[in-house]
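The file upload21.cif contains mmCIF, C-alpha atoms and all ligand atoms:
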```cif
data_coords
#
loop_
_atom_site.label_atom_id
_atom_site.label_comp_id
_atom_site.auth_asym_id
_atom_site.auth_seq_id
_atom_site.Cartn_x
_atom_site.Cartn_y
_atom_site.Cartn_z
CA MET F 1 141.03 54.55 108.40
CA SER F 2 139.39 57.88 107.78
CA THR F 3 137.36 58.37 104.63
CA GLN F 4 139.70 61.21 103.72
CA LYS F 5 142.83 59.09 104.07
CA ALA F 6 141.35 56.22 102.06
CA TYR F 7 140.47 58.73 99.37
CA GLU F 8 144.01 60.09 99.18
CA LEU F 9 145.37 56.60 98.59
CA ALA F 10 142.73 55.82 96.00
CA LYS F 11 143.39 59.11 94.26
CA GLU F 12 147.07 58.22 93.92
CA LEU F 13 146.34 54.78 92.56
CA TYR F 14 143.85 56.09 89.98
CA ALA F 15 146.26 58.83 88.98
CA SER F 16 148.79 56.13 88.05
CA ILE F 17 146.43 54.97 85.28
CA GLY F 18 145.58 58.51 84.20
CA VAL F 19 142.27 58.93 86.05
CA ASP F 20 141.62 62.16 87.92
CA THR F 21 139.31 61.31 90.84
CA ASP F 22 138.55 64.96 91.67
CA LYS F 23 137.32 65.46 88.13
CA ALA F 24 135.23 62.32 88.29
CA ILE F 25 133.56 63.59 91.47
CA ALA F 26 132.94 67.02 89.98
CA ARG F 27 131.28 65.41 86.99
CA LEU F 28 129.13 63.04 89.04
CA LYS F 29 127.85 65.99 91.07
CA GLU F 30 126.32 67.46 87.91
CA ILE F 31 124.47 64.36 86.71
CA PRO F 32 120.87 64.48 87.95
CA VAL F 33 118.89 61.37 88.76
CA SER F 34 115.13 61.62 88.51
CA MET F 35 113.61 59.81 91.48
CA HIS F 36 110.12 58.55 90.81
CA CYS F 37 107.49 59.54 93.36
CA TRP F 38 105.62 56.25 92.97
CA GLN F 39 107.99 54.07 95.01
CA GLY F 40 106.61 55.89 98.06
CA ASP F 41 103.01 54.70 97.82
CA ASP F 42 102.94 51.66 95.52
CA VAL F 43 101.80 53.70 92.45
CA ARG F 44 98.50 54.75 94.02
CA GLY F 45 98.55 58.54 93.74
CA PHE F 46 95.97 60.90 95.21
CA GLU F 47 93.22 60.89 92.62
CA ASN F 48 91.74 57.59 93.76
CA PRO F 49 94.21 56.05 96.22
CA ASP F 50 91.91 53.18 97.15
CA GLY F 51 91.42 52.07 93.55
CA ASP F 52 93.26 49.12 92.01
CA LEU F 53 96.55 49.47 90.17
CA THR F 54 95.81 48.39 86.59
CA GLY F 55 97.57 48.59 83.24
CA GLY F 56 99.48 45.32 83.46
CA ILE F 57 101.89 46.46 86.17
CA GLN F 58 101.95 45.25 89.76
CA THR F 59 103.36 46.06 93.17
CA THR F 60 103.64 43.14 95.54
CA GLY F 61 104.13 43.25 99.30
CA ASN F 62 102.47 45.09 102.16
CA TYR F 63 105.30 46.54 104.22
CA PRO F 64 103.76 48.90 106.78
CA GLY F 65 104.02 52.69 106.64
CA ARG F 66 103.05 53.49 103.05
CA ALA F 67 102.50 57.20 102.44
CA THR F 68 98.78 57.91 102.09
CA THR F 69 98.72 61.71 101.87
CA ILE F 70 100.69 64.30 99.94
CA ASP F 71 102.35 65.50 103.13
CA GLU F 72 103.43 61.98 104.05
CA LEU F 73 104.79 61.31 100.59
CA ARG F 74 106.73 64.57 100.60
CA ALA F 75 108.13 63.88 104.07
CA ASP F 76 109.23 60.37 103.07
CA TYR F 77 110.70 61.58 99.81
CA SER F 78 112.74 64.29 101.47
CA LYS F 79 113.92 61.82 104.13
CA ALA F 80 115.23 59.72 101.24
CA THR F 81 116.86 62.63 99.39
CA SER F 82 118.60 63.73 102.60
CA LEU F 83 120.49 60.42 102.42
CA ILE F 84 121.43 60.66 98.74
CA PRO F 85 124.23 62.83 97.35
CA GLY F 86 124.17 64.91 94.17
CA LYS F 87 121.42 66.38 92.02
CA LYS F 88 117.94 64.99 92.32
CA ARG F 89 114.72 65.54 90.40
CA ILE F 90 111.27 64.40 91.44
CA ASN F 91 109.40 62.48 88.79
CA LEU F 92 105.66 62.95 89.28
CA HIS F 93 102.74 61.13 87.71
CA ALA F 94 99.58 63.07 86.89
CA ILE F 95 97.64 61.06 89.51
CA TYR F 96 99.71 62.72 92.25
CA LEU F 97 97.79 65.96 91.78
CA ASP F 98 97.01 68.24 94.71
CA SER F 99 93.31 69.01 94.27
CA ASN F 100 92.47 69.77 97.90
CA GLY F 101 90.29 66.71 98.16
CA GLU F 102 88.18 67.67 95.16
CA LYS F 103 87.56 64.89 92.61
CA VAL F 104 89.19 65.95 89.34
CA ASP F 105 89.04 63.50 86.45
CA ARG F 106 92.05 62.94 84.18
CA ASP F 107 90.66 65.04 81.36
CA LYS F 108 90.24 68.00 83.70
CA ILE F 109 93.66 68.30 85.33
CA GLU F 110 95.31 71.72 85.23
CA PRO F 111 98.57 73.39 86.21
CA LYS F 112 96.91 74.70 89.37
CA HIS F 113 96.77 71.13 90.68
CA PHE F 114 100.56 71.07 90.65
CA THR F 115 101.48 74.50 91.97
CA SER F 116 102.08 73.14 95.48
CA TRP F 117 104.45 70.54 94.03
CA VAL F 118 106.38 73.22 92.17
CA GLN F 119 106.62 75.25 95.34
CA TRP F 120 107.81 72.24 97.30
CA ALA F 121 110.39 71.20 94.68
CA LYS F 122 111.80 74.72 94.70
CA GLU F 123 112.13 74.61 98.47
CA GLN F 124 113.79 71.22 98.28
CA LYS F 125 116.13 72.48 95.56
CA ILE F 126 115.33 69.58 93.29
CA GLY F 127 114.26 69.46 89.64
CA MET F 128 110.91 68.19 88.35
CA ASP F 129 109.75 65.75 85.70
CA PHE F 130 106.29 64.57 84.76
CA ASN F 131 104.16 61.69 83.40
CA SER F 132 100.69 61.29 81.96
CA SER F 133 98.79 58.53 83.81
CA CYS F 134 96.94 56.28 81.37
CA PHE F 135 96.12 53.44 83.77
CA SER F 136 94.18 52.67 86.98
CA HIS F 137 91.00 54.28 85.61
CA PRO F 138 87.59 52.95 84.50
CA LEU F 139 88.23 54.13 80.93
CA SER F 140 91.44 52.08 80.69
CA ALA F 141 89.83 48.99 82.23
CA ASP F 142 89.74 47.01 78.98
CA GLY F 143 93.46 47.57 78.46
CA PHE F 144 93.39 50.31 75.81
CA THR F 145 93.82 54.08 75.93
CA LEU F 146 95.46 56.08 73.11
CA SER F 147 94.91 53.30 70.55
CA HIS F 148 91.33 52.59 71.63
CA HIS F 149 88.82 51.66 68.92
CA ASP F 150 86.17 53.74 70.68
CA ASP F 151 86.67 57.34 69.58
CA ALA F 152 85.19 58.85 72.74
CA ILE F 153 87.49 56.85 75.01
CA ARG F 154 90.50 57.60 72.86
CA ALA F 155 89.60 61.32 72.90
CA PHE F 156 89.48 61.20 76.71
CA TRP F 157 93.06 59.89 76.88
CA VAL F 158 94.25 62.32 74.22
CA GLU F 159 92.83 65.16 76.29
CA HIS F 160 94.51 63.81 79.42
CA SER F 161 97.84 63.53 77.62
CA ILE F 162 97.61 67.03 76.14
CA ARG F 163 96.85 68.42 79.58
CA SER F 164 99.76 66.46 81.04
CA ARG F 165 102.08 67.93 78.42
CA GLU F 166 100.80 71.43 79.18
CA ILE F 167 101.20 70.94 82.92
CA ALA F 168 104.77 69.83 82.31
CA GLU F 169 105.37 72.95 80.23
CA TYR F 170 104.08 75.03 83.12
CA ILE F 171 106.41 73.12 85.46
CA GLY F 172 109.43 73.60 83.19
CA LYS F 173 108.72 77.30 82.85
CA GLU F 174 108.36 77.72 86.62
CA MET F 175 111.44 75.69 87.44
CA GLY F 176 113.60 77.49 84.88
CA GLU F 177 114.71 74.28 83.15
CA PRO F 178 112.81 71.82 80.96
CA ALA F 179 110.87 68.99 82.54
CA VAL F 180 111.06 65.58 80.90
CA THR F 181 107.63 64.05 80.43
CA ASN F 182 107.13 60.38 79.84
CA HIS F 183 104.13 59.06 77.98
CA TRP F 184 103.60 55.40 78.74
CA ILE F 185 100.41 53.57 77.81
CA PRO F 186 99.45 50.02 78.72
CA ASP F 187 97.67 49.25 75.43
CA GLY F 188 98.02 45.66 74.34
CA PHE F 189 96.44 42.28 73.74
CA LYS F 190 96.35 39.22 75.92
CA ASP F 191 95.81 37.06 72.88
CA ILE F 192 96.95 37.22 69.29
CA PRO F 193 95.40 40.24 67.57
CA VAL F 194 94.41 40.41 63.92
CA ASP F 195 94.72 44.13 63.22
CA ARG F 196 97.95 45.34 64.80
CA TYR F 197 98.22 47.96 62.08
CA GLY F 198 94.87 49.56 62.92
CA TYR F 199 95.71 49.97 66.59
CA ARG F 200 99.13 51.40 65.82
CA GLU F 201 97.67 53.73 63.22
CA ARG F 202 95.24 55.09 65.81
CA LEU F 203 98.06 55.48 68.33
CA ILE F 204 99.97 57.63 65.85
CA ASP F 205 96.92 59.78 65.28
CA SER F 206 96.64 60.26 69.06
CA TYR F 207 100.34 61.07 69.42
CA ASP F 208 100.09 63.62 66.59
CA LYS F 209 97.31 65.40 68.45
CA ILE F 210 99.15 65.27 71.77
CA PHE F 211 102.53 66.54 70.60
CA LYS F 212 101.29 69.16 68.17
CA ASN F 213 102.46 72.53 69.56
CA GLN F 214 104.84 70.97 72.08
CA LYS F 215 107.17 73.53 73.62
CA ARG F 216 110.60 71.99 73.84
CA GLU F 217 112.06 74.95 75.67
CA TYR F 218 109.96 74.02 78.70
CA ASN F 219 109.39 70.32 78.35
CA LEU F 220 110.82 67.31 76.54
CA ASN F 221 108.29 64.60 75.68
CA ALA F 222 109.26 60.95 75.64
CA VAL F 223 107.44 57.80 74.50
CA GLU F 224 108.11 54.54 76.33
CA SER F 225 108.23 51.20 74.56
CA LYS F 226 107.39 47.88 76.14
CA VAL F 227 107.47 44.26 75.05
CA PHE F 228 104.64 42.90 77.22
CA GLY F 229 102.48 43.54 80.27
CA ILE F 230 100.33 41.38 82.52
CA GLY F 231 97.27 40.71 80.41
CA ALA F 232 99.04 42.12 77.34
CA GLU F 233 101.34 39.19 76.65
CA SER F 234 100.76 38.76 72.94
CA CYS F 235 101.13 42.28 71.63
CA THR F 236 101.84 45.73 72.97
CA ILE F 237 100.93 48.60 70.69
CA THR F 238 103.96 50.61 71.86
CA SER F 239 106.63 48.20 70.62
CA LEU F 240 110.21 49.46 70.37
CA GLU F 241 109.86 49.97 66.60
CA MET F 242 106.73 52.07 67.12
CA CYS F 243 108.24 54.32 69.77
CA MET F 244 111.66 54.66 68.23
CA GLY F 245 110.17 55.33 64.78
CA TYR F 246 107.76 57.91 66.12
CA ALA F 247 110.37 59.60 68.29
CA ILE F 248 112.84 59.94 65.41
CA LYS F 249 110.27 61.30 63.02
CA ASN F 250 108.79 63.79 65.47
CA ASN F 251 111.73 64.98 67.49
CA LEU F 252 110.70 63.35 70.76
CA LEU F 253 112.68 61.33 73.26
CA LEU F 254 112.60 57.56 73.38
CA THR F 255 112.19 56.01 76.83
CA LEU F 256 114.16 52.83 77.36
CA ASP F 257 112.97 50.95 80.45
CA THR F 258 115.37 48.19 81.46
CA GLY F 259 112.44 45.87 82.23
CA HIS F 260 110.74 46.29 78.86
CA PHE F 261 112.68 43.89 76.68
CA HIS F 262 113.18 40.18 76.23
CA PRO F 263 115.23 38.81 79.13
CA THR F 264 118.51 38.52 77.24
CA GLU F 265 118.27 41.93 75.59
CA VAL F 266 120.05 44.78 77.35
CA VAL F 267 119.41 48.51 77.35
CA SER F 268 123.15 49.21 77.58
CA ASP F 269 123.44 48.03 73.98
CA LYS F 270 120.58 50.22 72.79
CA ILE F 271 121.75 53.61 74.08
CA SER F 272 124.37 54.20 71.38
CA SER F 273 122.01 53.31 68.53
CA ALA F 274 119.24 55.50 69.91
CA LEU F 275 121.61 58.45 70.32
CA LEU F 276 122.72 58.20 66.72
CA PHE F 277 119.16 59.05 65.70
CA LEU F 278 117.83 61.13 68.58
CA ASP F 279 119.03 64.21 70.44
CA ASP F 280 118.08 62.87 73.86
CA ILE F 281 116.72 59.74 75.44
CA LEU F 282 115.11 58.96 78.77
CA LEU F 283 116.03 55.92 80.82
CA HIS F 284 113.76 54.09 83.21
CA VAL F 285 116.29 52.22 85.24
CA SER F 286 114.66 49.27 86.90
CA ARG F 287 115.50 45.63 87.68
CA PRO F 288 113.50 42.96 85.95
CA VAL F 289 113.62 39.58 87.67
CA ARG F 290 112.42 37.05 85.08
CA TRP F 291 109.82 39.59 83.99
CA ASP F 292 109.14 43.33 84.25
CA SER F 293 109.01 42.96 88.03
CA ASP F 294 110.30 46.43 88.95
CA HIS F 295 112.61 45.27 91.73
CA VAL F 296 114.89 47.83 93.39
CA VAL F 297 117.95 48.64 91.29
CA ILE F 298 121.08 46.83 92.48
CA PHE F 299 124.74 47.40 91.65
CA ASP F 300 124.97 44.75 88.96
CA ASP F 301 126.86 44.41 85.70
CA GLU F 302 124.09 45.80 83.52
CA LEU F 303 123.79 48.90 85.69
CA LYS F 304 127.52 49.50 85.34
CA ALA F 305 127.30 48.89 81.60
CA ILE F 306 124.52 51.49 81.30
CA ALA F 307 126.61 53.99 83.26
CA GLN F 308 129.64 53.29 81.08
CA GLU F 309 127.63 53.89 77.92
CA ILE F 310 126.68 57.30 79.31
CA THR F 311 130.07 58.41 80.60
CA ARG F 312 132.53 57.00 78.05
CA ARG F 313 131.31 59.22 75.26
CA ASN F 314 130.13 62.09 77.49
CA PHE F 315 126.40 61.62 77.05
CA ASP F 316 125.72 63.05 80.51
CA ARG F 317 123.27 65.62 79.14
CA ARG F 318 121.68 63.63 76.35
CA VAL F 319 120.69 60.70 78.52
CA HIS F 320 118.11 61.66 81.13
CA ILE F 321 118.30 59.17 83.96
CA GLY F 322 114.99 58.24 85.54
CA LEU F 323 114.29 55.39 87.93
CA ASP F 324 111.28 53.09 87.76
CA PHE F 325 110.82 50.47 90.44
CA PHE F 326 108.17 49.83 93.06
CA ASP F 327 108.76 47.35 95.82
CA ALA F 328 106.13 47.22 98.57
CA SER F 329 107.80 44.39 100.47
CA ILE F 330 110.57 46.45 102.08
CA ASN F 331 110.86 49.87 103.68
CA ARG F 332 109.97 52.18 100.80
CA ILE F 333 112.40 54.92 101.80
CA ALA F 334 115.22 52.38 101.92
CA ALA F 335 114.14 51.22 98.46
CA TRP F 336 114.58 54.76 97.12
CA VAL F 337 117.94 55.21 98.85
CA ILE F 338 119.34 51.86 97.72
CA GLY F 339 118.20 52.22 94.11
CA THR F 340 119.24 55.83 93.68
CA ARG F 341 122.60 55.49 95.39
CA ASN F 342 123.30 52.42 93.27
CA MET F 343 122.62 54.36 90.09
CA GLN F 344 125.04 57.06 91.24
CA LYS F 345 127.57 54.49 92.41
CA ALA F 346 127.51 52.90 88.96
CA LEU F 347 128.14 56.33 87.42
CA MET F 348 131.03 56.85 89.85
CA TYR F 349 132.45 53.46 88.88
CA ALA F 350 132.17 54.34 85.20
CA LEU F 351 133.68 57.80 85.65
CA LEU F 352 136.77 56.24 87.21
CA GLU F 353 137.68 54.44 84.00
CA PRO F 354 140.51 55.57 81.75
CA SER F 355 137.98 55.73 78.90
CA GLU F 356 140.23 57.26 76.27
CA LYS F 357 142.91 54.68 76.89
CA LEU F 358 140.38 51.86 76.62
CA ILE F 359 138.97 53.22 73.38
CA GLN F 360 142.49 53.51 72.00
CA LEU F 361 143.34 49.91 72.90
CA GLU F 362 140.20 48.78 71.13
CA LEU F 363 141.07 50.74 67.99
CA GLU F 364 144.53 49.21 68.01
CA GLY F 365 142.97 45.76 68.17
CA ASP F 366 144.68 45.06 71.48
CA TYR F 367 141.76 43.19 72.94
CA THR F 368 144.07 41.42 75.39
CA SER F 369 144.91 44.69 77.11
CA ARG F 370 141.32 45.88 76.88
CA LEU F 371 140.08 42.82 78.75
CA ALA F 372 142.99 42.85 81.22
CA LEU F 373 142.47 46.49 82.13
CA LEU F 374 138.68 46.23 82.40
CA GLU F 375 139.04 43.28 84.75
CA GLU F 376 141.79 44.87 86.88
CA LEU F 377 139.67 48.01 87.20
CA LYS F 378 137.06 45.99 89.05
CA SER F 379 139.32 45.76 92.09
CA TYR F 380 140.51 49.35 92.07
CA PRO F 381 139.34 51.22 95.19
CA PHE F 382 136.38 52.99 93.63
CA ALA F 383 134.42 52.62 96.90
CA ALA F 384 136.91 54.93 98.65
CA VAL F 385 136.10 57.63 96.09
CA TRP F 386 132.37 57.04 96.45
CA ASP F 387 132.58 57.24 100.26
CA TYR F 388 134.55 60.45 100.07
CA TYR F 389 131.97 61.89 97.68
CA CYS F 390 129.15 61.00 100.09
CA GLU F 391 131.02 62.57 102.99
CA SER F 392 131.76 65.75 101.06
CA GLU F 393 128.09 66.00 100.08
CA GLY F 394 127.06 65.73 103.73
CA VAL F 395 125.17 62.45 103.40
CA PRO F 396 125.86 59.26 105.37
CA VAL F 397 128.85 57.18 104.30
CA ARG F 398 128.39 53.46 103.51
CA ASP F 399 125.47 51.89 105.43
CA GLY F 400 125.24 54.82 107.85
CA TRP F 401 122.00 55.86 106.14
CA LEU F 402 120.22 52.69 107.26
CA ARG F 403 120.21 53.73 110.91
CA GLU F 404 118.44 56.93 109.94
CA VAL F 405 115.82 55.07 107.93
CA LYS F 406 115.24 52.64 110.80
CA GLN F 407 114.84 55.55 113.21
CA TYR F 408 112.38 57.26 110.87
CA GLU F 409 110.47 54.01 110.59
CA LYS F 410 110.14 53.89 114.38
CA ASP F 411 109.32 57.57 114.82
CA VAL F 412 107.09 58.18 111.81
CA LEU F 413 106.14 55.19 109.67
CA ALA F 414 105.14 52.91 112.55
CA LYS F 415 102.64 55.49 113.76
CA ARG F 416 100.68 55.64 110.52
C1 LIG F 501 105.11 50.44 82.97
C2 LIG F 501 106.12 51.50 82.70
C3 LIG F 501 105.85 52.83 83.33
C4 LIG F 501 105.37 52.74 84.74
C5 LIG F 501 105.30 54.05 85.46
C6 LIG F 501 104.40 53.98 86.65
O1 LIG F 501 105.48 49.25 82.42
O2 LIG F 501 107.38 51.06 83.05
O3 LIG F 501 106.96 53.62 83.20
O4 LIG F 501 106.16 51.87 85.48
O5 LIG F 501 104.96 55.05 84.60
ZN ZN F 502 108.96 52.54 82.94
#
```
Rewrite the coordinates I just gave you, this time as structure tokens.
Ligand code: RNT
Ligand code: ZN
Amino acid sequence: MSTQKAYELAKELYASIGVDTDKAIARLKEIPVSMHCWQGDDVRGFENPDGDLTGGIQTTGNYPGRATTIDELRADYSKATSLIPGKKRINLHAIYLDSNGEKVDRDKIEPKHFTSWVQWAKEQKIGMDFNSSCFSHPLSADGFTLSHHDDAIRAFWVEHSIRSREIAEYIGKEMGEPAVTNHWIPDGFKDIPVDRYGYRERLIDSYDKIFKNQKREYNLNAVESKVFGIGAESCTITSLEMCMGYAIKNNLLLTLDTGHFHPTEVVSDKISSALLFLDDILLHVSRPVRWDSDHVVIFDDELKAIAQEITRRNFDRRVHIGLDFFDASINRIAAWVIGTRNMQKALMYALLEPSEKLIQLELEGDYTSRLALLEELKSYPFAAVWDYYCESEGVPVRDGWLREVKQYEKDVLAKR
């Protein structure tokens, strides 16, 4: 059956429960997903690509064909985006600077190191987001950056973070829409600390210096919480309370990473609370497997629940969707395509709900109908709508994209 024909049937069926599939598609088209650059090269960047990845995060696997130059990363990234419908944004870390081979330390980075990225993003017709990089550096080797007890080291990371914020403001100004900049730090203790307060007090002092004079018209700053890291199992300085408290008080965004909580906690339950106190939040959609393992995002119940929390109450603009996974054991372009398309698929699934009707049933206390409808919706033909959307966006339908990735692997990746 043609994709078009399947869509017509699905459209009719959804219309019978009051869902307009054309409207759902139009809305999905406008929801950007920020695709992280770091899936393409195992979080190495171009400042010191042969250095170790530190900061309590880890990529495992050695699938061949990793991008090792800016040109390779850009080529791989645009191969991936050519297979993904809708609006995309590239999420860059500061260590992906283009310095023409010159060694530029973190406290010396400038907008000029990112002009070629801006140019490229414009050509690609994608948005841009940014991140400070407070890891994989000799001055973060003992596990502390913005909360460091050594004033000189702390000042180094404050300077790096201020420059990152300013670069992001330059990017937002150039691109004509604000960038979203995430500030994640690895700071934490392997063993039980005695002065948690002191470290957190210093972190606040650093944050105050970094965000003073922030220009929200060009860039939105976000602080990312985390429950633990490798080597920081007993205490992370950026706990949820720290980041949420600071964000509320200082008009920042809170970053909720799906891998940064205890295994039975879910981000889908946190979005509504955060949005009652904050204008915007940033998501790092990932897939933790027993720990913050950063597996590729799959189409699971929690992903759908996150999408539903966004769409049911029309938080499309207040929730900035970023992805954060890094799997080096499979084709990296496929990883991007699978994870990003799954995020969009989950949004499509959520947009095809009769949300108002469900909310009404809940208010009436008719939990029987609420459960019945939610369960029946699971076997409605949402895939026919998704396929039609892909076709109308000019990207491969269903697994058609895989052939292209395999071909690219043969033609390009295998020759690296
Ligand atoms: C680490 C955080 C952070 C990083 C990226 C590279 O635990 O999730 O977001 O994954 O910034
Ligand atoms: Zn993250």
Per residue of chain F within 7 Å of ligand ZN 502 (chain F), which atom pair is closest and at what distance in Å (one decimal), using only C-alpha atoms and all ligand atoms, listed by chain and increasing number, as JSON lines?
```
{"residue": "F:Glu224", "atom": "CA", "partner": "F:ZN502", "partner_atom": "ZN", "distance": 7.0}
{"residue": "F:Asp257", "atom": "CA", "partner": "F:ZN502", "partner_atom": "ZN", "distance": 5.0}
{"residue": "F:His284", "atom": "CA", "partner": "F:ZN502", "partner_atom": "ZN", "distance": 5.1}
{"residue": "F:Asp324", "atom": "CA", "partner": "F:ZN502", "partner_atom": "ZN", "distance": 5.4}
```
Any chance you could export the current selection's C-alpha atoms as a compact mmCIF listing (two decimals), in the frame of the given file?
```txt
# COMPACT_ATOMS: atom_id res chain seq x y z
CA GLU F 224 108.11 54.54 76.33
CA ASP F 257 112.97 50.95 80.45
CA HIS F 284 113.76 54.09 83.21
CA ASP F 324 111.28 53.09 87.76
```
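The neighbours of Thr238 of chain F here are the residues that come within 10 Å of it, using only C-alpha atoms and leaving out any residue fewer than 6 positions away in the same chain; they are Ser147, Trp184, Ile185, Pro186, Asp187, Gly188, Tyr199, Arg200, Leu203, Val223, Glu224, Ser225, Lys226, Val227, Phe228 and Met244 of chain F.
As for atom CA of Ile192 of chain F and atom CA of Gly229 of chain F, they are spaced 13.8 Å apart.
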Using 10 Å as the limit and counting only C-alpha atoms and all ligand atoms, can you tabulate each residue of chain F that touches ligand LIG 501 (chain F), with its shortest atom-to-atom distance in Å and the two atoms involved, as a tab-separated table?
```
residue	atom	partner	partner_atom	distance
F:His36	CA	F:LIG501	C6	8.4
F:Cys37	CA	F:LIG501	C6	9.2
F:Trp38	CA	F:LIG501	C6	6.8
F:Gln39	CA	F:LIG501	C6	9.1
F:Asp42	CA	F:LIG501	C6	9.3
F:Val43	CA	F:LIG501	C6	6.4
F:Arg44	CA	F:LIG501	C6	9.5
F:Leu53	CA	F:LIG501	C6	9.7
F:Gly55	CA	F:LIG501	C1	7.8
F:Gly56	CA	F:LIG501	O1	7.2
F:Ile57	CA	F:LIG501	O1	5.9
F:Gln58	CA	F:LIG501	O4	8.9
F:Asn91	CA	F:LIG501	O5	9.6
F:Leu92	CA	F:LIG501	O5	9.2
F:His93	CA	F:LIG501	O5	7.2
F:Ala94	CA	F:LIG501	O5	9.9
F:Phe130	CA	F:LIG501	O5	9.6
F:Asn131	CA	F:LIG501	O5	6.8
F:Ser132	CA	F:LIG501	O5	8.0
F:Ser133	CA	F:LIG501	O5	7.1
F:Cys134	CA	F:LIG501	O5	8.7
F:Phe135	CA	F:LIG501	C6	8.8
F:Asn182	CA	F:LIG501	O5	7.5
F:His183	CA	F:LIG501	O5	7.8
F:Trp184	CA	F:LIG501	C3	5.7
F:Ile185	CA	F:LIG501	C1	7.6
F:Pro186	CA	F:LIG501	C1	7.1
F:Val223	CA	F:LIG501	O3	9.7
F:Glu224	CA	F:LIG501	O3	7.0
F:Ser225	CA	F:LIG501	C2	8.4
F:Lys226	CA	F:LIG501	O1	6.7
F:Val227	CA	F:LIG501	O1	9.1
F:Phe228	CA	F:LIG501	O1	8.3
F:Gly229	CA	F:LIG501	O1	6.8
F:Ile230	CA	F:LIG501	O1	9.4
F:Thr255	CA	F:LIG501	O3	8.6
F:Leu256	CA	F:LIG501	O2	9.0
F:Asp257	CA	F:LIG501	O2	6.2
F:Thr258	CA	F:LIG501	O2	8.6
F:Gly259	CA	F:LIG501	O2	7.3
F:His260	CA	F:LIG501	O1	7.0
F:Leu283	CA	F:LIG501	O3	9.7
F:His284	CA	F:LIG501	O3	6.8
F:Val285	CA	F:LIG501	O2	9.2
F:Ser286	CA	F:LIG501	O2	8.4
F:Asp292	CA	F:LIG501	O1	7.2
F:Ser293	CA	F:LIG501	O1	9.1
F:Asp294	CA	F:LIG501	O4	7.7
F:Gly322	CA	F:LIG501	O3	9.6
F:Leu323	CA	F:LIG501	O3	8.9
F:Asp324	CA	F:LIG501	O4	5.7
F:Phe325	CA	F:LIG501	O4	6.9
F:Phe326	CA	F:LIG501	O4	8.1
```
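Those residues positioned at most 12 Å from (123.2, 45.1, 93.8) are Ser286, Arg287, His295, Val296, Val297, Ile298, Phe299, Asp300, Asp301, Glu302, Leu303, Lys304, Ala335, Ile338, Gly339, Thr340, Arg341, Asn342, Met343, Lys345 and Ala346 of chain F, judged using all atoms listed in the file.
Closest to Glu309 of chain F among F:Leu254, F:Ala274, F:Leu363, F:Ala15 is F:Ala274, based on only C-alpha atoms.
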Using the file's own x, y and z axes, what box holds all listed atoms of segment 317-335 of chain F with 4 Å on each side, keeping edges along x, y and z, and what are its centre and edge lengths in Å to one decimal, as AutoDock Vina command-line options?
```
--center_x 114.7 --center_y 55.0 --center_z 90.0 --size_x 25.1 --size_y 29.2 --size_z 35.3
```
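Counting all atoms listed in the file, the residue from F:Lys378, F:Lys79, F:Lys209, F:His148 that sits nearest to Ala334 of chain F is F:Lys79.
Our summary of the geometry notes that atom CA of Val385 of chain F is positioned 24.6 Å from atom CA of Ser369 of chain F.
Neighbouring residues of Thr311 of chain F at 12 Å or closer, counting only C-alpha atoms and skipping chain neighbours under 4 positions away, are Ala24, Arg27, Leu28, Ile31, Ser268, Ile271, Ser272, Lys304, Ala305, Ile306, Ala307, Phe315, Asp316, Arg317, Arg318, Val319, Gln344, Ala346, Leu347, Met348, Tyr349, Ala350, Leu351, Leu352, Glu353, Pro354, Ser355 and Glu356 of chain F.
Of note, atom CA of Asn62 of chain F and atom CA of Ser116 of chain F are spaced 28.8 Å apart.
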Skip Arg416 of chain F itself and residues of its chain fewer than 3 positions away, then list as a ChimeraX atom specification all residues within 8 Å of it, counting only C-alpha atoms. /F:65,412-413
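Compared by their closest atoms to Glu72 of chain F, and using all atoms listed in the file, the residues F:Pro381, F:Ala179, F:Ser140, F:Ile333 rank with F:Ile333 nearest.
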Which of these residues is nearest to Tyr77 of chain F, using only C-alpha atoms: F:Asp129, F:Glu110, F:Asp50, F:Asp41? F:Asp41
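Here the question is which of F:Ile237, F:Leu83, F:Ile90, F:Ile153 gets nearest to Val405 of chain F using only C-alpha atoms, and that residue is F:Leu83.
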Return the single residue from F:Asp191, F:Thr81, F:Asn48, F:Leu139 that is closest to Glu102 of chain F, with distances computed using all atoms listed in the file. F:Asn48
Which residues are near Lys190 of chain F? Cut-off 6 Å, only C-alpha atoms, ignore same chain within fewer than 2 positions. Put them as a PDB file with C-alpha atoms, in the coordinates of the input.
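Everything below was put into around.pdb:
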```
ATOM      1  CA  GLY F 231      97.270  40.710  80.410  1.00  0.00           C
ATOM      2  CA  ALA F 232      99.040  42.120  77.340  1.00  0.00           C
ATOM      3  CA  GLU F 233     101.340  39.190  76.650  1.00  0.00           C
ATOM      4  CA  SER F 234     100.760  38.760  72.940  1.00  0.00           C
TER       5      SER F 234
END
```
Please list as an mmCIF file with C-alpha atoms, keeping the file's coordinate frame every residue within 7 Å of segment 1-5 of chain F, counting all atoms listed in the file and excluding residues in the same chain fewer than 6 positions away.
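So the final result, stored in selection-v9.cif, reads:
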```
data_model
loop_
_atom_site.group_PDB
_atom_site.id
_atom_site.type_symbol
_atom_site.label_atom_id
_atom_site.label_comp_id
_atom_site.auth_asym_id
_atom_site.auth_seq_id
_atom_site.Cartn_x
_atom_site.Cartn_y
_atom_site.Cartn_z
ATOM 1 C CA ALA F 384 136.910 54.930 98.650
ATOM 2 C CA ASP F 387 132.580 57.240 100.260
ATOM 3 C CA TYR F 388 134.550 60.450 100.070
#
```
